[in-house]
Amino acid sequence: MLQKSDGYFLAEMILSLAAFVMAASVILPFALMVISQTVQLREDAAAAHVLFDELMYIKITGSESGRGSVLRDGVLFGVAVYKEDISSSWEVCVHYAGENQKENEKCALVE
């Protein structure tokens, strides 16, 4: 036996479309935030690698590498090395502007 459907198709379709739009409007901002944080974490990791490379170079050779900037993973990192006097330790700072154009800096002392 076939049942006769008299209407409700348009109303059901509009309700299901509205539910989909509401779900998307809640989930999409979270997805964008997660993507942004993932990019930021990758940039921070690349900066940590550049900082570690410079620290190890100074520890092994006893002098700075002379690299003023390093391009890694599509981000330009500025490397600055400071030493106030002969008896003080070296300080290495890595500056970079991430994808969100926010200036970031990571610094460490050579031990």
# chains A, B, ... in the order shown; residues from 1 in each chain; ligands from 1
>>> select_by_dssp(residues="chain A", states="helix (DSSP H, G or I)", output="number ranges by chain")
A: 9-61
>>> residues_around(residues="segment 54-64 of chain A", least_positions_apart="3", cutoff="7 Å", atoms="only C-alpha atoms", output="MDAnalysis selection string")
chainID A and resid 50:51 92 110
>>> write_last_selection(atoms="all heavy atoms", output="compact mmCIF listing (two decimals), in the first residue's frame")
# COMPACT_ATOMS: atom_id res chain seq x y z
N VAL A 50 65.34 27.54 14.93
CA VAL A 50 66.33 28.55 14.55
C VAL A 50 67.11 28.99 15.79
O VAL A 50 68.34 29.12 15.75
CB VAL A 50 65.65 29.76 13.87
CG1 VAL A 50 66.63 30.90 13.68
CG2 VAL A 50 65.05 29.34 12.54
N LEU A 51 66.42 29.22 16.90
CA LEU A 51 67.07 29.61 18.15
C LEU A 51 68.03 28.52 18.62
O LEU A 51 69.17 28.80 19.00
CB LEU A 51 66.01 29.89 19.22
CG LEU A 51 66.49 30.32 20.59
CD1 LEU A 51 67.21 31.65 20.50
CD2 LEU A 51 65.32 30.40 21.55
N VAL A 92 70.71 35.09 22.78
CA VAL A 92 70.26 34.99 21.38
C VAL A 92 68.76 35.22 21.35
O VAL A 92 68.02 34.64 22.13
CB VAL A 92 70.59 33.59 20.80
CG1 VAL A 92 70.11 33.50 19.36
CG2 VAL A 92 72.07 33.30 20.90
N VAL A 110 73.03 31.36 26.28
CA VAL A 110 73.93 30.24 26.03
C VAL A 110 74.48 29.80 27.37
O VAL A 110 75.00 30.59 28.14
CB VAL A 110 75.07 30.65 25.09
CG1 VAL A 110 76.04 29.50 24.89
CG2 VAL A 110 74.53 31.12 23.76
>>> atom_distance(atom1="atom CA of Val21 of chain A", atom2="atom CA of Ile35 of chain A")
20.7 Å
>>> closest_residue(among="A:Leu10, A:Ala45, A:Ala97, A:Met33", to="Phe77 of chain A", atoms="only C-alpha atoms")
A:Ala97
>>> closest_residue(among="A:Gln40, A:Asp73, A:Ser89, A:His49", to="Lys102 of chain A", atoms="only C-alpha atoms")
A:Gln40
>>> closest_residue(among="A:Ser88, A:Glu43, A:His95, A:Glu12", to="Gly68 of chain A", atoms="only C-alpha atoms")
A:His95
>>> residues_around(residues="Leu109 of chain A", least_positions_apart="2", cutoff="10 Å", atoms="only C-alpha atoms", output="PyMOL selection string")
chain A and resi 55+81-83+89-93+107+111
